[in-house]
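The next block holds one structure in the form of structure tokens; read it before the comments.
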Amino acid sequence: MSDKKILKTKLCERLGIEYPIMQSGMAWTAGPTLAAAVSNAGGLGVLGGTNLTPDEAREWIRQTKSLTDKPFGLNLILPPDVASDDAPTDFKDLLPPENVEFVNNIMKELELPGTEHYVPWGDFNFEAMQKIGRVCIEEGIALFGSGLGDPGWIINEAHEAGMLVSGCIGNTKNAMRLRDSGVDIIVAQGYEGGGHTGRIGTMALVPQVVDAIQPTTVVAAGGIADGRGLAASLMLGAEGIWMGTAFAATKEANVDLEGMGNHYYFNAWNESWKKKIVAAIDESTVVSKMTSGKPARHFRNSLIDYWEKEKFSYLPLPLQSILVWDLYSNLAKSDKSDFMPQLSGQSAGLIKEIKSAGDVVKDIVEQAVEILKKTCPEG
Ligand SMILES: Cc1cc2nc3c(=O)[nH]c(=O)nc-3n(C[C@H](O)[C@H](O)[C@H](O)COP(=O)(O)O)c2cc1C
């Protein structure tokens with residue numbers, strides 16, 4: 001049996017990819033360079049589209065096309081408080097003054113300059129999300145994904161254009177909801193995962209989701225960073241994996257924002273993030289509402305500790321993100337890496353070096369093939 005065949009799942013056929021490895025669409029971290037590298041290596045690269053304007057999304061898609069002729073996707077988060085027709089279109093004026101004062105006091109205590117930065121979350125509304133969805137259809141990419149919420153509104157148009165739609169969930173109830181909306185690929189992400197995360201571990205979640213929504217395609221996420229994780233996910237009934245942290249630690253991650261004026265590019269931040277992943281152990285991360293107002297897994301850091309010590313409340317998404325934006329930008333600029341809340345999953349403890357994204361795919365494939373050949377030598 002060829003290496004390829006043992007890993008070939010229905011997901012590979014549907015997406016036109018060689019290996020069932022999807023790189024998650026991490027905002028800022030997953031730009032054209034990373035997505036193209038993963039697609040060129042036989043997986044599916046996915047652009048992190050959250051916080052891009054529709055024009056920027058089109059630009060990133062076109063840049064990716066210039067780097068690969070393989071399929072790739074784009075991911076947004078679609079939180080229900082924002083991605084609905086009756087949601088406010090501008091959240092900036094809704095910040096409570098006491099929360100703004102709390103953050104201003106932290107800035108003073110840390111002697112941060114407090115410079116006003118562009119807040120991309122301020123342009124974060126349903127209309128912009130729908131426009132980005134339309135851009136994906138017009139550009140003819142392979143996948144539109146959502147990290148939070150229900151992408152049901154795009155399904156009919158997407159399918160007419162031959163584009164698949166994925167959605168990320170953390171429990172069987174939401175898996176069934178997205179299946180009922182017609183979502184093609186359900187990403188079941190366990191508690192171990194970096195970024196927004198639910199309460200159930202990957203090992204328990206994936207088979208329960210598979211049982212609940214079969215024959216809908218399930219992809220496993222959370223805590224997977226090597227070939228053992230891929231092999232185990234296939235054993236649990238998933239058709240592939242969706243990995244964030246392992247790709248955030250690659251050479252190609254986080255390189256595309258440089259020069260994109262208003263966006264969040266700080267070399268010190270990016271370098272410290274990758275180094276932190278390599279230095280991490282299994283207990284280095286913690287779940288906090290600090291970054292967006294929804295539970296998300298970050299590296300433990302002094303800002304999260306401080307906020308929790310003060311027992312100060314978190315605002316709901318997207319207000320918390322807007323609230324902390326200036327603080328984050330200034331922390332990054334001032335290179336206060338102890339205070340910079342960086343997203344990462346528990347799998348960081350498995351990552352020992354910063355590789356190229358192509359090598360990450362290759363190493364995972366080789367290890368998974370070896371394991372699966374031993375497990376089922378006859379194929
Ligand atoms: C640095 C980082 C940024 C992320 N940003 C996003 C994002 O913008 N949108 C999203 O849907 N998920 C985001 N996630 C979550 C991932 O899409 C993915 O579900 C998760 O990383 C999988 O778990 P793992 O980190 O254990 O591989 C992010 C994760 C990380 C580590």
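Residue names in the structure tokens use chain letters A, B, ... in the order shown, residue numbers from 1 in each chain, and ligand numbers from 1 in the order shown.
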
Mind dumping a table of every chain A residue within 7 Å of ligand 1, with the nearest atom pair and its distance in Å to one decimal, using only C-alpha atoms and all ligand atoms, sorted by chain and rising number, as a Markdown table?
| residue | atom | partner | partner_atom_place_in_ligand_line | distance |
| --- | --- | --- | --- | --- |
| A:Ser24 | CA | ligand 1 | 17 (O) | 4.4 |
| A:Gly25 | CA | ligand 1 | 17 (O) | 5.4 |
| A:Met26 | CA | ligand 1 | 5 (N) | 3.4 |
| A:Ala27 | CA | ligand 1 | 8 (O) | 3.6 |
| A:Thr29 | CA | ligand 1 | 1 (C) | 6.3 |
| A:Gly48 | CA | ligand 1 | 8 (O) | 5.5 |
| A:Thr50 | CA | ligand 1 | 8 (O) | 5.5 |
| A:Asn75 | CA | ligand 1 | 11 (O) | 6.2 |
| A:Leu76 | CA | ligand 1 | 9 (N) | 5.8 |
| A:Ile77 | CA | ligand 1 | 11 (O) | 5.2 |
| A:Ser146 | CA | ligand 1 | 11 (O) | 5.7 |
| A:Gly147 | CA | ligand 1 | 11 (O) | 3.0 |
| A:Leu148 | CA | ligand 1 | 11 (O) | 6.2 |
| A:Gln189 | CA | ligand 1 | 19 (O) | 6.0 |
| A:Glu192 | CA | ligand 1 | 26 (O) | 5.7 |
| A:Gly193 | CA | ligand 1 | 23 (O) | 3.3 |
| A:Gly194 | CA | ligand 1 | 25 (O) | 3.7 |
| A:Gly195 | CA | ligand 1 | 29 (C) | 4.2 |
| A:His196 | CA | ligand 1 | 15 (C) | 6.1 |
| A:Ala221 | CA | ligand 1 | 22 (C) | 4.8 |
| A:Gly222 | CA | ligand 1 | 26 (O) | 3.5 |
| A:Gly223 | CA | ligand 1 | 26 (O) | 3.7 |
| A:Ile224 | CA | ligand 1 | 26 (O) | 5.4 |
| A:Ala225 | CA | ligand 1 | 27 (O) | 6.5 |
| A:Trp242 | CA | ligand 1 | 22 (C) | 6.2 |
| A:Met243 | CA | ligand 1 | 27 (O) | 3.6 |
| A:Gly244 | CA | ligand 1 | 21 (O) | 3.3 |
| A:Thr245 | CA | ligand 1 | 25 (O) | 3.8 |
| A:Ala246 | CA | ligand 1 | 27 (O) | 6.0 |
| A:Ala248 | CA | ligand 1 | 1 (C) | 5.8 |
| A:Gln342 | CA | ligand 1 | 1 (C) | 6.8 |
| A:Leu343 | CA | ligand 1 | 1 (C) | 4.6 |
| A:Ser344 | CA | ligand 1 | 31 (C) | 4.1 |
| A:Gly345 | CA | ligand 1 | 25 (O) | 4.2 |
| A:Gln346 | CA | ligand 1 | 26 (O) | 6.1 |
| A:Ser347 | CA | ligand 1 | 26 (O) | 5.4 |

Writer output for current selection, C-alpha atoms, as a PDB file, in the first residue's frame:
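Written out: out_38.pdb:
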ATOM      1  CA  SER A  24      -6.392  26.367  10.948  1.00  0.00           C
ATOM      2  CA  GLY A  25      -7.224  29.914   9.859  1.00  0.00           C
ATOM      3  CA  MET A  26      -5.587  31.840  12.696  1.00  0.00           C
ATOM      4  CA  ALA A  27      -6.127  35.596  12.586  1.00  0.00           C
ATOM      5  CA  THR A  29      -0.871  34.263  12.065  1.00  0.00           C
ATOM      6  CA  GLY A  48      -7.018  33.672   8.948  1.00  0.00           C
ATOM      7  CA  THR A  50     -10.804  37.626  11.004  1.00  0.00           C
ATOM      8  CA  ASN A  75     -11.640  31.248   7.957  1.00  0.00           C
ATOM      9  CA  LEU A  76     -13.588  33.870   9.934  1.00  0.00           C
ATOM     10  CA  ILE A  77     -15.149  33.871  13.349  1.00  0.00           C
ATOM     11  CA  SER A 146     -16.032  29.598  10.639  1.00  0.00           C
ATOM     12  CA  GLY A 147     -14.368  29.386  14.033  1.00  0.00           C
ATOM     13  CA  LEU A 148     -17.357  30.527  16.110  1.00  0.00           C
ATOM     14  CA  GLN A 189     -12.203  21.066  18.806  1.00  0.00           C
ATOM     15  CA  GLU A 192      -6.777  21.300  24.695  1.00  0.00           C
ATOM     16  CA  GLY A 193      -6.880  23.566  21.648  1.00  0.00           C
ATOM     17  CA  GLY A 194      -5.399  27.037  21.307  1.00  0.00           C
ATOM     18  CA  GLY A 195      -7.719  30.026  20.900  1.00  0.00           C
ATOM     19  CA  HIS A 196     -11.463  29.830  21.647  1.00  0.00           C
ATOM     20  CA  ALA A 221      -8.809  19.602  16.545  1.00  0.00           C
ATOM     21  CA  GLY A 222      -7.181  20.464  19.833  1.00  0.00           C
ATOM     22  CA  GLY A 223      -3.970  19.008  21.194  1.00  0.00           C
ATOM     23  CA  ILE A 224      -2.790  17.516  17.884  1.00  0.00           C
ATOM     24  CA  ALA A 225       0.757  18.334  16.800  1.00  0.00           C
ATOM     25  CA  TRP A 242      -7.281  20.888  11.946  1.00  0.00           C
ATOM     26  CA  MET A 243      -4.123  22.198  13.627  1.00  0.00           C
ATOM     27  CA  GLY A 244      -3.361  25.671  14.946  1.00  0.00           C
ATOM     28  CA  THR A 245      -0.559  25.744  17.506  1.00  0.00           C
ATOM     29  CA  ALA A 246       1.770  23.457  15.518  1.00  0.00           C
ATOM     30  CA  ALA A 248       1.773  28.964  14.617  1.00  0.00           C
ATOM     31  CA  GLN A 342      -0.610  34.964  23.316  1.00  0.00           C
ATOM     32  CA  LEU A 343      -2.933  32.210  22.135  1.00  0.00           C
ATOM     33  CA  SER A 344      -1.613  28.667  22.232  1.00  0.00           C
ATOM     34  CA  GLY A 345      -2.889  25.134  22.800  1.00  0.00           C
ATOM     35  CA  GLN A 346      -1.637  22.471  25.196  1.00  0.00           C
ATOM     36  CA  SER A 347       0.108  20.762  22.282  1.00  0.00           C
TER      37      SER A 347
END

*Would you kindly return, as a ChimeraX atom specification, each protein, DNA or RNA residue with an atom no farther than 12 Å from any atom of Ile281 of chain A, considering only C-alpha atoms and excluding same-chain residues fewer than 4 positions away?*
/A:276-277,285-286,299-300,344-352

Give me a file of those residues, with C-alpha atoms, as an mmCIF file, in the first residue's frame.
data_model
loop_
_atom_site.group_PDB
_atom_site.id
_atom_site.type_symbol
_atom_site.label_atom_id
_atom_site.label_comp_id
_atom_site.auth_asym_id
_atom_site.auth_seq_id
_atom_site.Cartn_x
_atom_site.Cartn_y
_atom_site.Cartn_z
ATOM 1 C CA LYS A 276 7.330 30.476 23.868
ATOM 2 C CA ILE A 277 5.712 27.612 21.969
ATOM 3 C CA THR A 285 -1.364 27.462 28.936
ATOM 4 C CA VAL A 286 -4.500 28.661 30.668
ATOM 5 C CA PHE A 299 -0.021 31.164 27.456
ATOM 6 C CA ARG A 300 -0.191 31.985 31.156
ATOM 7 C CA SER A 344 -1.613 28.667 22.232
ATOM 8 C CA GLY A 345 -2.889 25.134 22.800
ATOM 9 C CA GLN A 346 -1.637 22.471 25.196
ATOM 10 C CA SER A 347 0.108 20.762 22.282
ATOM 11 C CA ALA A 348 2.804 23.466 22.520
ATOM 12 C CA GLY A 349 4.582 21.077 24.890
ATOM 13 C CA LEU A 350 5.055 18.676 21.949
ATOM 14 C CA ILE A 351 6.734 21.273 19.725
ATOM 15 C CA LYS A 352 10.507 21.345 20.064
#

*Could you check which of A:Ile304, A:Leu67, A:Leu331, A:Met176 is closest to Ala37 of chain A, using only C-alpha atoms?*
A:Leu67

*Using only C-alpha atoms, which residue out of A:Ala357, A:Ala41, A:Ala30, A:Ala368 lies closest to Ile17 of chain A?*
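Of A:Ala357, A:Ala41, A:Ala30, A:Ala368, the one nearest Ile17 of chain A, counting only C-alpha atoms, is A:Ala41.
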
_For Gln130 of chain A, the nearest of the candidates A:Pro316, A:Ile364, A:Ser356, A:Pro54, counting only C-alpha atoms_ =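 Checking each of A:Pro316, A:Ile364, A:Ser356, A:Pro54 against Gln130 of chain A, counting only C-alpha atoms, the winner is A:Pro54.
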
_Between A:Ile21, A:Asp180, A:Pro318, A:Lys294, which residue has the minimum interatomic distance to Ala220 of chain A, considering only C-alpha atoms?_
A:Ile21

*asked:* I'd like to know which of A:Ile61, A:Leu178, A:Ala231, A:Val255 is closest to Trp28 of chain A, using only C-alpha atoms.
replied: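 The answer is A:Val255, which sits nearest to Trp28 of chain A.
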
*Closest to Val360 of chain A among A:Ala232, A:Cys168, A:Met107, A:Val38, using only C-alpha atoms?*
A:Val38

_as a PyMOL selection string, please: every residue in segment 29-100 of chain A that DSSP puts in helix (DSSP H, G or I)._
chain A and resi 32-40+54-67+92-94+97-100

*Determine which residues of segment 51-140 of chain A receive a DSSP assignment of strand (DSSP E or B), computed from the backbone, and state them as a PyMOL selection string.*
chain A and resi 72-76

_Need the shell around Ile186 of chain A: protein/DNA/RNA residues with any atom at most 7 Å away, counting only C-alpha atoms. Skip same-chain ones fewer than 2 positions apart. Format as a list in words?_
Ser166, Gly167, Cys168, Ala175, Val183, Asp184, Ala188, Thr217, Val218 and Val219 of chain A

*May I have the residues within 10 Å of Gln367 of chain A as an MDAnalysis selection string, using only C-alpha atoms and disregarding those fewer than 2 positions away in the same chain?*
chainID A and resid 226:231 362:365 369:373

Export of prior selection with N, CA and C atoms as a PDB file, in the first residue's frame:
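result.pdb was written with the following content:
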ATOM      1  N   ASP A 226       1.391  16.090  16.102  1.00  0.00           N
ATOM      2  CA  ASP A 226       2.317  15.144  15.451  1.00  0.00           C
ATOM      3  C   ASP A 226       1.537  13.989  14.812  1.00  0.00           C
ATOM      4  N   GLY A 227       2.293  13.042  14.263  1.00  0.00           N
ATOM      5  CA  GLY A 227       1.651  11.940  13.542  1.00  0.00           C
ATOM      6  C   GLY A 227       0.823  11.045  14.453  1.00  0.00           C
ATOM      7  N   ARG A 228       1.205  10.992  15.741  1.00  0.00           N
ATOM      8  CA  ARG A 228       0.396  10.201  16.678  1.00  0.00           C
ATOM      9  C   ARG A 228      -1.003  10.798  16.786  1.00  0.00           C
ATOM     10  N   GLY A 229      -1.067  12.119  16.818  1.00  0.00           N
ATOM     11  CA  GLY A 229      -2.364  12.798  16.916  1.00  0.00           C
ATOM     12  C   GLY A 229      -3.205  12.567  15.672  1.00  0.00           C
ATOM     13  N   LEU A 230      -2.553  12.575  14.495  1.00  0.00           N
ATOM     14  CA  LEU A 230      -3.305  12.325  13.260  1.00  0.00           C
ATOM     15  C   LEU A 230      -3.824  10.885  13.240  1.00  0.00           C
ATOM     16  N   ALA A 231      -2.933   9.934  13.570  1.00  0.00           N
ATOM     17  CA  ALA A 231      -3.358   8.525  13.551  1.00  0.00           C
ATOM     18  C   ALA A 231      -4.499   8.310  14.543  1.00  0.00           C
ATOM     19  N   LYS A 362       5.119  17.106   6.395  1.00  0.00           N
ATOM     20  CA  LYS A 362       5.874  15.894   5.997  1.00  0.00           C
ATOM     21  C   LYS A 362       6.120  14.991   7.217  1.00  0.00           C
ATOM     22  N   ASP A 363       6.563  15.571   8.326  1.00  0.00           N
ATOM     23  CA  ASP A 363       6.877  14.765   9.517  1.00  0.00           C
ATOM     24  C   ASP A 363       5.623  14.103  10.090  1.00  0.00           C
ATOM     25  N   ILE A 364       4.532  14.837  10.087  1.00  0.00           N
ATOM     26  CA  ILE A 364       3.278  14.262  10.605  1.00  0.00           C
ATOM     27  C   ILE A 364       2.832  13.098   9.716  1.00  0.00           C
ATOM     28  N   VAL A 365       2.919  13.317   8.416  1.00  0.00           N
ATOM     29  CA  VAL A 365       2.508  12.258   7.479  1.00  0.00           C
ATOM     30  C   VAL A 365       3.371  11.013   7.703  1.00  0.00           C
ATOM     31  N   VAL A 369       1.834   7.507   9.033  1.00  0.00           N
ATOM     32  CA  VAL A 369       1.864   6.351   8.128  1.00  0.00           C
ATOM     33  C   VAL A 369       2.535   5.164   8.816  1.00  0.00           C
ATOM     34  N   GLU A 370       3.649   5.458   9.503  1.00  0.00           N
ATOM     35  CA  GLU A 370       4.366   4.383  10.198  1.00  0.00           C
ATOM     36  C   GLU A 370       3.465   3.721  11.245  1.00  0.00           C
ATOM     37  N   ILE A 371       2.776   4.539  12.017  1.00  0.00           N
ATOM     38  CA  ILE A 371       1.901   4.008  13.075  1.00  0.00           C
ATOM     39  C   ILE A 371       0.763   3.195  12.454  1.00  0.00           C
ATOM     40  N   LEU A 372       0.141   3.756  11.424  1.00  0.00           N
ATOM     41  CA  LEU A 372      -1.034   3.090  10.849  1.00  0.00           C
ATOM     42  C   LEU A 372      -0.641   1.801  10.132  1.00  0.00           C
ATOM     43  N   LYS A 373       0.557   1.791   9.559  1.00  0.00           N
ATOM     44  CA  LYS A 373       0.998   0.551   8.887  1.00  0.00           C
ATOM     45  C   LYS A 373       1.196  -0.554   9.912  1.00  0.00           C
TER      46      LYS A 373
END

*Long-range neighbours of Asn125 of chain A as a count of residues only, 10 Å cut-off, only C-alpha atoms, 5 positions minimum in chain*: 15

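In this structure, atom CA of Met290 of chain A sits 27.8 Å away from atom CA of Gly133 of chain A.
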